[in-house]
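Peer 1: Handing over run.txt, compact mmCIF, C-alpha atoms.
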# COMPACT_ATOMS: atom_id res chain seq x y z
CA MET A 151 69.17 77.49 92.19
CA ARG A 152 71.66 75.57 94.33
CA LYS A 153 71.08 75.64 98.11
CA ASP A 154 73.27 74.79 101.09
CA GLU A 155 72.36 72.53 104.04
CA ASP A 156 70.45 75.40 105.73
CA GLY A 157 68.29 75.97 102.68
CA ARG A 158 70.02 79.21 101.69
CA ALA A 159 71.25 79.93 98.17
CA ALA A 160 74.76 78.50 97.71
CA MET A 161 77.58 80.16 95.78
CA PRO A 162 77.60 78.76 92.20
CA PRO A 163 80.87 77.25 90.90
CA ASP A 164 83.23 79.46 88.91
CA ALA A 165 82.47 77.59 85.69
CA ALA A 166 78.74 78.36 86.02
CA ILE A 167 79.45 82.02 86.79
CA ALA A 168 81.83 82.32 83.83
CA LYS A 169 79.28 80.71 81.50
CA ARG A 170 76.49 83.04 82.62
CA VAL A 171 78.76 86.09 82.17
CA ARG A 172 79.38 85.10 78.57
CA GLU A 173 75.69 84.54 77.96
CA ILE A 174 74.85 88.02 79.25
CA LEU A 175 77.68 89.68 77.29
CA ALA A 176 76.66 87.90 74.10
CA SER A 177 73.37 89.83 74.05
CA ALA A 178 74.64 93.09 75.62
CA ASN A 179 76.01 96.31 74.16
CA LEU A 180 79.65 96.15 75.23
CA SER A 181 80.08 99.92 74.85
CA GLU A 182 77.45 100.60 77.54
CA VAL A 183 77.30 97.63 79.92
CA SER A 184 79.47 97.66 83.07
CA SER A 185 80.74 94.91 85.34
CA LYS A 186 78.47 96.24 88.10
CA ASP A 187 75.39 95.91 85.88
CA ILE A 188 76.28 92.30 85.11
CA ARG A 189 76.96 91.48 88.77
CA LYS A 190 73.62 92.97 89.88
CA GLN A 191 71.73 91.00 87.22
CA MET A 192 73.42 87.74 88.19
CA GLU A 193 72.79 88.35 91.91
CA GLU A 194 69.05 88.70 91.21
CA GLU A 195 69.03 85.55 89.10
CA MET A 196 71.11 83.39 91.47
CA GLY A 197 69.78 84.82 94.75
CA VAL A 198 73.26 85.20 96.23
CA SER A 199 75.71 88.08 96.70
CA LEU A 200 78.62 88.02 94.26
CA ARG A 201 80.65 90.81 95.89
CA SER A 202 83.37 88.31 96.75
CA LYS A 203 83.55 87.42 93.04
CA LYS A 204 83.99 90.97 91.74
CA ALA A 205 87.58 90.34 90.65
CA PHE A 206 86.66 87.04 88.98
CA LEU A 207 83.74 88.66 87.14
CA ARG A 208 85.95 91.51 85.92
CA GLU A 209 88.53 89.03 84.64
CA GLN A 210 85.91 87.04 82.74
CA ILE A 211 84.48 90.21 81.19
CA GLU A 212 87.94 91.37 80.13
CA SER A 213 88.67 87.97 78.67
CA PHE A 214 85.39 87.97 76.72
CA VAL A 215 85.99 91.48 75.34
CA ALA A 216 89.52 90.61 74.26
CA GLU A 217 88.33 87.42 72.58
CA ALA A 218 85.36 89.16 70.95
CA GLU A 219 87.71 91.62 69.23
CA ASP A 220 89.42 88.76 67.43
CA SER A 221 87.02 86.39 65.69
CA GLY A 222 89.70 83.75 65.43
CA GLU A 223 90.18 83.55 69.16
CA GLY A 224 86.84 81.97 70.07
CA GLU A 225 87.99 78.39 69.79
CA ALA A 226 88.70 77.72 73.47
CA GLU A 227 85.41 79.23 74.66
CA GLU A 228 83.42 77.37 72.00
CA ALA A 229 84.99 74.06 73.03
CA ALA A 230 84.40 74.80 76.72
CA ASP A 231 80.73 75.68 76.20
CA ALA A 232 80.18 72.68 73.91
CA GLU A 233 81.68 70.30 76.44
CA ALA A 234 79.86 71.88 79.39
CA SER A 235 76.45 71.87 77.64
CA GLY A 236 76.83 68.60 75.75
CA ASP A 237 75.15 70.28 72.78
CA GLY A 238 76.57 69.20 69.43
CA ASP A 239 75.90 72.50 67.70
CA GLY A 240 77.51 74.58 70.47
CA ASP A 241 80.24 75.84 68.12
CA SER A 242 77.90 77.46 65.64
CA ARG A 243 75.62 78.84 68.37
CA LEU A 244 78.51 80.48 70.27
CA ARG A 245 79.99 81.82 67.03
CA ASP A 246 76.69 83.52 66.24
CA LYS A 247 76.59 85.08 69.72
CA LEU A 248 80.14 86.40 69.43
CA ASN A 249 79.51 87.87 66.01
CA SER A 250 76.35 89.51 67.33
CA ALA A 251 78.25 90.93 70.33
CA ILE A 252 80.96 92.31 68.05
CA ARG A 253 78.39 93.99 65.79
CA GLU A 254 76.57 95.54 68.77
CA SER A 255 79.81 96.70 70.38
CA ALA A 256 80.93 98.51 67.23
CA PRO A 257 80.20 102.25 67.73
CA SER A 258 77.75 103.80 65.28
CA LYS A 259 78.42 107.05 63.46
CA LYS A 260 75.97 108.91 65.68
CA THR A 261 77.46 107.54 68.90
CA LYS A 262 79.65 110.03 70.74
CA LYS A 263 83.12 108.81 71.53
CA LYS A 264 83.46 108.07 75.23
CA GLY A 265 86.52 108.19 77.42
CA LEU A 266 88.62 105.15 78.16
CA THR A 267 86.91 102.62 80.41
CA GLY A 268 88.57 100.36 82.95
CA LEU A 269 89.18 97.69 80.27
CA GLN A 270 90.73 100.16 77.84
CA LYS A 271 92.99 102.09 80.20
CA PRO A 272 96.69 101.49 79.55
CA CYS A 273 98.60 99.42 82.10
CA GLN A 274 102.24 98.87 82.89
CA LEU A 275 103.35 95.28 82.21
CA SER A 276 105.92 93.31 84.16
CA ASP A 277 109.18 92.40 82.45
CA VAL A 278 108.24 88.73 82.02
CA LEU A 279 104.84 89.62 80.53
CA GLU A 280 106.39 92.28 78.30
CA ALA A 281 108.66 89.58 76.85
CA ILE A 282 105.53 87.75 75.62
CA VAL A 283 103.31 90.69 74.61
CA GLY A 284 106.18 92.66 73.04
CA ILE A 285 105.27 96.12 74.44
CA PRO A 286 105.78 97.65 77.92
CA GLN A 287 102.29 99.17 78.18
CA ALA A 288 98.89 98.02 76.92
CA PRO A 289 95.22 97.83 77.99
CA ARG A 290 94.33 94.68 79.90
CA SER A 291 92.03 93.54 77.09
CA GLN A 292 94.92 93.83 74.63
CA VAL A 293 97.13 91.83 76.99
CA VAL A 294 94.62 88.96 77.13
CA LYS A 295 94.21 89.08 73.37
CA SER A 296 97.98 88.95 72.79
CA LEU A 297 98.36 86.18 75.34
CA TRP A 298 95.79 83.99 73.56
CA ALA A 299 97.50 84.68 70.24
CA TYR A 300 100.79 83.52 71.78
CA ILE A 301 99.13 80.36 73.18
CA ARG A 302 97.67 79.42 69.79
CA GLU A 303 100.81 80.33 67.90
CA HIS A 304 102.85 77.94 70.07
CA ASN A 305 100.05 75.31 70.23
CA LEU A 306 99.97 75.28 74.04
CA GLN A 307 96.34 74.23 74.56
CA VAL A 308 95.90 70.66 75.85
CA PRO A 309 94.17 68.67 73.06
CA GLU A 310 92.03 66.62 75.48
CA ASP A 311 90.80 69.72 77.33
CA LYS A 312 91.41 73.02 75.54
CA ARG A 313 90.45 74.95 78.66
CA LYS A 314 93.87 73.96 80.03
CA ILE A 315 97.09 75.59 78.89
CA LYS A 316 100.50 73.92 78.98
CA CYS A 317 103.01 76.58 80.03
CA ASP A 318 106.29 76.89 78.15
CA GLU A 319 109.33 78.57 79.70
CA ALA A 320 108.00 82.08 79.02
CA LEU A 321 104.55 81.35 80.49
CA LYS A 322 106.07 79.57 83.50
CA LYS A 323 107.77 82.88 84.44
CA VAL A 324 104.38 84.59 84.33
CA PHE A 325 102.14 81.96 85.98
CA ASN A 326 104.78 80.05 87.97
CA SER A 327 103.13 76.73 87.03
CA ASP A 328 103.39 73.96 84.44
CA TYR A 329 99.67 74.06 83.61
CA ILE A 330 96.96 76.70 84.00
CA ASP A 331 93.26 76.74 83.13
CA MET A 332 91.53 79.54 81.27
CA PHE A 333 89.45 80.55 84.32
CA SER A 334 92.42 81.26 86.61
CA MET A 335 94.69 82.70 83.93
CA ASN A 336 93.21 86.20 84.14
CA GLN A 337 93.37 86.16 87.92
CA LYS A 338 97.09 85.34 87.91
CA LEU A 339 97.74 88.13 85.41
CA THR A 340 96.73 90.75 87.97
CA LYS A 341 100.17 91.08 89.58
CA HIS A 342 101.76 91.51 86.12
CA VAL A 343 99.33 94.21 84.90
CA ILE A 344 99.36 97.44 86.91
CA PRO A 345 97.10 100.39 85.89
CA LEU A 346 99.12 103.51 85.20
CA ASP A 347 96.88 105.60 87.48
CA GLU A 348 97.87 103.34 90.38
CA LEU A 349 101.53 103.81 89.48
CA ALA A 350 100.96 107.56 89.36
CA TYR A 351 99.27 107.39 92.76
CA GLU A 352 102.14 105.36 94.18
CA ALA A 353 104.63 107.83 92.71
CA GLY A 354 102.62 110.70 94.16
CA ALA A 355 102.45 108.91 97.50
CA ALA A 356 106.22 108.46 97.43
CA LYS A 357 106.68 112.16 96.66
CA ARG A 358 104.27 113.11 99.45
CA LYS A 359 106.15 110.86 101.85
CA ILE A 360 109.45 112.50 100.90
CA LYS A 361 107.87 115.93 101.29
CA ASP A 362 106.42 115.01 104.68
CA GLU A 363 109.81 113.73 105.79
CA GLU A 364 111.45 116.96 104.59
CA GLU A 365 108.81 119.00 106.42
CA ASP A 366 109.43 116.91 109.53
CA GLU A 367 113.13 117.63 109.23
CA ASP A 368 112.41 121.33 108.70
CA GLY A 369 110.07 121.23 111.67
CA LYS A 370 112.73 119.60 113.82
CA GLU A 371 115.27 122.22 112.69
CA GLY A 372 112.75 124.95 113.44
CA LEU A 373 112.13 123.51 116.90
CA ALA A 374 115.87 123.34 117.51
CA GLU A 375 116.30 126.97 116.39
CA ARG A 376 113.44 128.12 118.60
CA ALA A 377 114.93 126.20 121.51
CA VAL A 378 118.27 127.98 120.92
CA ASP A 379 116.46 131.32 120.71
CA ARG A 380 114.68 130.63 124.00
CA GLU A 381 117.97 129.72 125.66
CA THR A 382 119.61 132.87 124.24
CA ARG A 383 116.80 135.10 125.49
CA ALA A 384 116.90 133.43 128.89
CA ALA A 385 120.67 133.97 129.06
CA ASN A 386 120.25 137.64 128.09
CA ARG A 387 117.58 138.14 130.76
CA LEU A 388 119.83 136.55 133.36
CA ALA A 389 122.75 138.76 132.28
CA ARG A 390 120.60 141.92 132.55
CA LYS A 391 119.33 140.82 135.95
CA ARG A 392 122.87 140.29 137.20
CA LYS A 393 123.97 143.72 135.90
CA ALA A 394 121.02 145.36 137.66
CA GLU A 395 121.90 143.55 140.88
CA GLU A 396 125.51 144.66 140.54
CA ARG A 397 124.45 148.30 140.04
CA ALA A 398 122.14 148.07 143.05
CA GLU A 399 124.95 146.59 145.16
CA LYS A 400 127.35 149.37 144.09
CA LYS A 401 124.73 151.99 144.84
CA GLU A 402 124.09 150.51 148.27
CA GLU A 403 127.83 150.37 149.00
CA ALA A 404 128.18 154.05 148.00
CA ARG A 405 125.26 154.99 150.25
CA LYS A 406 126.81 153.14 153.19
CA ALA A 407 130.17 154.76 152.52
CA ARG A 408 128.64 158.27 152.54
CA LYS A 409 126.78 157.46 155.71
CA ALA A 410 129.95 156.17 157.37
CA ALA A 411 131.76 159.36 156.36
CA GLY A 412 129.02 161.48 157.95
CA LYS A 413 127.80 162.88 154.64
CA SER A 414 124.14 163.40 153.81
CA PRO A 415 122.49 160.97 151.41
CA LYS A 416 123.08 161.81 147.79
CA VAL A 417 120.00 163.12 146.06
CA SER A 418 119.34 163.91 142.43
CA GLY A 419 116.63 164.96 140.01
CA PHE A 420 113.27 165.95 141.49
CA THR A 421 114.28 164.97 144.99
CA VAL A 422 116.93 167.72 145.17
CA PRO A 423 115.86 170.35 147.75
CA MET A 424 115.14 173.79 146.27
CA LYS A 425 115.06 177.21 147.90
CA ILE A 426 111.47 178.39 148.30
CA SER A 427 110.25 182.01 148.14
CA PRO A 428 108.94 183.88 151.22
CA LYS A 429 105.42 183.91 149.69
CA LEU A 430 105.45 180.13 149.28
CA ARG A 431 106.90 179.65 152.77
CA GLU A 432 104.07 181.81 154.16
CA PHE A 433 101.45 179.92 152.08
CA LEU A 434 102.67 176.52 153.28
CA GLY A 435 103.12 177.76 156.87
CA THR A 436 106.60 176.27 157.16
CA GLU A 437 109.87 177.55 158.55
CA GLU A 438 111.89 175.40 156.13
CA SER A 439 113.85 177.42 153.59
CA GLN A 440 114.33 174.44 151.25
CA LEU A 441 111.89 171.82 150.01
CA SER A 442 111.89 169.43 147.05
CA ARG A 443 109.54 170.11 144.15
CA PRO A 444 107.46 166.94 144.83
CA GLU A 445 106.92 168.00 148.46
CA VAL A 446 105.74 171.49 147.42
CA THR A 447 103.45 170.08 144.72
CA LYS A 448 101.92 167.54 147.12
CA GLN A 449 101.12 170.21 149.74
CA LEU A 450 99.53 172.48 147.10
CA TRP A 451 97.30 169.64 145.84
CA ASP A 452 96.28 168.80 149.38
CA TYR A 453 95.21 172.47 149.80
CA ILE A 454 93.27 172.45 146.49
CA LYS A 455 91.40 169.25 147.35
CA SER A 456 90.65 170.21 150.94
CA ASN A 457 89.20 173.52 149.77
CA GLN A 458 87.37 171.96 146.79
CA LEU A 459 88.91 174.26 144.21
CA GLN A 460 88.55 171.78 141.34
CA VAL A 461 85.66 172.58 138.97
CA SER A 462 82.52 170.53 139.74
CA LEU A 463 79.22 171.97 138.48
CA LYS A 464 75.70 170.57 138.31
CA ASN A 465 74.15 169.71 134.97
CA SER A 466 71.81 172.72 135.17
CA ASP A 467 74.76 175.07 135.72
CA LEU A 468 76.67 173.48 132.83
CA PHE A 469 73.65 173.95 130.52
CA SER A 470 73.32 177.59 131.52
CA MET A 471 77.04 178.29 131.02
CA ARG A 472 77.06 176.57 127.59
CA ARG A 473 73.99 178.56 126.52
CA ASN A 474 75.55 181.88 127.57
CA HIS A 475 79.02 180.91 126.25
CA SER A 476 80.48 182.05 129.56
CA PHE A 477 83.56 179.76 129.38
CA ASP A 478 86.04 178.68 126.77
CA GLN A 479 86.78 175.24 128.19
CA ASP A 480 84.43 172.49 129.38
CA PRO A 481 83.81 173.36 133.06
CA SER A 482 83.25 169.69 133.86
CA ASP A 483 86.97 169.18 133.29
CA ARG A 484 88.27 168.64 136.80
CA ARG A 485 91.79 169.50 135.71
CA LYS A 486 90.79 173.20 135.89
CA ILE A 487 91.47 174.86 139.22
CA LEU A 488 89.56 177.94 140.41
CA CYS A 489 91.82 179.90 142.79
CA ASP A 490 90.54 181.21 146.08
CA GLU A 491 91.90 184.45 147.52
CA LYS A 492 94.91 182.85 149.23
CA LEU A 493 95.95 180.77 146.18
CA GLU A 494 95.36 183.74 143.83
CA LYS A 495 97.69 185.85 145.97
CA LEU A 496 100.43 183.17 145.67
CA LEU A 497 100.09 182.31 141.98
CA ASP A 498 98.76 185.67 140.73
CA CYS A 499 95.92 184.10 138.66
CA LYS A 500 92.24 183.27 139.07
CA SER A 501 92.34 179.78 137.50
CA PHE A 502 94.78 177.38 135.86
CA ASN A 503 95.10 173.89 134.47
CA GLY A 504 96.16 171.73 137.35
CA PHE A 505 98.41 169.29 135.48
CA GLY A 506 100.19 171.55 133.03
CA GLY A 507 99.86 174.96 134.67
CA LEU A 508 100.91 174.35 138.27
CA PRO A 509 104.60 173.46 137.57
CA LYS A 510 104.97 176.61 135.46
CA LEU A 511 103.39 178.81 138.12
CA LEU A 512 105.70 177.34 140.80
CA GLN A 513 108.89 178.22 138.88
CA ALA A 514 108.79 181.76 140.29
CA HIS A 515 108.81 180.40 143.83
CA LEU A 516 111.48 177.64 143.51
CA THR A 517 115.19 178.33 143.07
CA SER A 518 117.78 175.62 142.44
CA THR A 519 120.44 175.18 145.10
CA ARG A 520 122.97 173.67 142.69
CA LYS A 521 126.06 175.66 141.91
In structure tokens, write the structure found in this file.
Peer 2:
Amino acid sequence: MRKDEDGRAAMPPDAAIAKRVREILASANLSEVSSKDIRKQMEEEMGVSLRSKKAFLREQIESFVAEAEDSGEGEAEEAADAEASGDGDGDSRLRDKLNSAIRESAPSKKTKKKGLTGLQKPCQLSDVLEAIVGIPQAPRSQVVKSLWAYIREHNLQVPEDKRKIKCDEALKKVFNSDYIDMFSMNQKLTKHVIPLDELAYEAGAAKRKIKDEEEDEDGKEGLAERAVDRETRAANRLARKRKAEERAEKKEEARKARKAAGKSPKVSGFTVPMKISPKLREFLGTEESQLSRPEVTKQLWDYIKSNQLQVSLKNSDLFSMRRNHSFDQDPSDRRKILCDEKLEKLLDCKSFNGFGGLPKLLQAHLTSTRK
């Protein structure tokens, strides 16, 4: 385990990480293992967090899977491992591991078919990468596989170090470099390989943005309409207020004109004086021959209240009256008036409903003065 100056575990070089990934994958079931499982195992072995290397690990795994699917594409990895280990029989040993990994990754008849994993999901390729691969969409593993086939077909590996690739015009458009090594190749492919679910998310985000903008516009239009409605209502209220003020001014001018002409104030409705009967004049004790209906009603109610003619019984009396059924209406109803001798002589009844009955009983004693 490598350590830094402070004695802590140091980050291993990319070549060591890539080599250990291939060693783990060579003995793993590729249909079940995940990049997270491999990262956790390597973190325990190396004593250092590899979270910053997640993208690099994923690229190495994808590269291994793509190369494992094609037995003829193991040449570069075999040469790299043989040179790195210095072991003369590295070619045969790595070939055995790859063959074993391929056999283990092949699904058995009893194995249930699983959904597409991250390595198998189709991706959208850039135009320059599509020109090499030949199709617009493909899984990342298929892209790596096709890219290695193109490199071997055009003999672009450097003979002295087959881990290095000499870029032709097509590869220069993809990697923007004259040379590239096998460890950084997958990393530089990232911007040319976009998962379709990300494209769908971006398309959905664009649609949501357009919808939000449309809703904002609708909201602004709604605010403008409500502002116009508020202004319209305010204008209508002001117009009604001005009309009311004009009517009040005209009414006041008419009153002043009648007063200047020596005429009595104009009255209408309930305030019009009415001729009262002799009986009512005697009851009220007034010498006036005319009174308005409200004045007569007020004086009668004052008499009723002062003489306590409204029904008000104790609970014991109410119980006794209910038991004997001696009344038809609830005697606790204070709208009922019990007439004394004087009021009975005027209205010719012993009791009445104060709110509905009194106006009717007064009709016989009030005569309109209108012609």
Peer 1: For CA of Arg189 in chain A and CA of Pro163 in chain A, determine how far apart the two atoms are, in Å to one decimal place.
Peer 2: 14.9 Å
Peer 1: Hey, which of A:Lys455, A:Ser184, A:Val343, A:Ala320 ends up closest to Ala288 in chain A? Count all atoms listed in the file.
Peer 2: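 The closest residue to Ala288 in chain A is A:Val343.
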Peer 1: Counting all atoms listed in the file, what is within 10 Å of Leu434 in chain A, bar same-chain residues fewer than 4 positions away, as a PyMOL selection string?
Peer 2: chain A and resi 428-430+438+446+449-450+453
Peer 1: Let me make sure I understand: among A:Phe325, A:Ile487, A:Leu493, A:Ile426, which one has the smallest atom-to-atom distance to Thr517 in chain A if we use all atoms listed in the file?
Peer 2: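 Smallest distance to Thr517 in chain A is found for A:Ile426.
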Peer 1: Taking 2 positions as the minimum chain separation for residues in the same chain, which residues sit within 12 Å of Lys186 in chain A when counting only C-alpha atoms? Answer as a PyMOL selection string.
Peer 2: chain A and resi 171+182-184+188-193+200-201+203-205+207-208+211
Peer 1: Between CA of Met424 in chain A and CA of Asn503 in chain A, what distance in Å does the model show, to one decimal?
Peer 2: 23.3 Å
Peer 1: Can you tell me how far CA of Lys169 in chain A sits from CA of Lys323 in chain A, in Å to one decimal?
Peer 2: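 Interatomic distance here is 28.7 Å.
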Peer 1: When you look at Arg485 in chain A with a cut-off of 8 Å (counting only C-alpha atoms), what residues show up, excluding the ones that are within fewer than 3 positions of it in the same chain? I need them as a PyMOL selection string.
Peer 2: chain A and resi 460-461+503-505
Peer 1: Quick one: residues within 8 Å of (92.8, 89.0, 89.5) (file frame), counting all atoms listed in the file, please, as number ranges by chain.
Peer 2: A: 205-206, 209, 336-341
Peer 1: If you count all atoms listed in the file, which residues fall within 12 Å of Thr519 in chain A, apart from same-chain ones fewer than 6 positions away, as a VMD selection string?
Peer 2: chain A and resid 418 421 to 426 439 to 442
Peer 1: So which one's closest to Pro289 in chain A, A:Ile330, A:Val308, A:Leu511, A:Val215? Using all atoms listed in the file, please.
Peer 2: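 The shortest atom-to-atom distance to Pro289 in chain A comes from A:Val215.
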Peer 1: Using all atoms listed in the file, which residue out of A:Gln513, A:Val293, A:Val278, A:Asp362 lies closest to Glu319 in chain A?
Peer 2: A:Val278
Peer 1: Calculated over only C-alpha atoms, which of the candidates A:Ala411, A:Ala389, A:Cys317, A:Met161 has the smallest distance to Asn305 in chain A?
Peer 2: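 Closest residue, counting only C-alpha atoms: A:Cys317.
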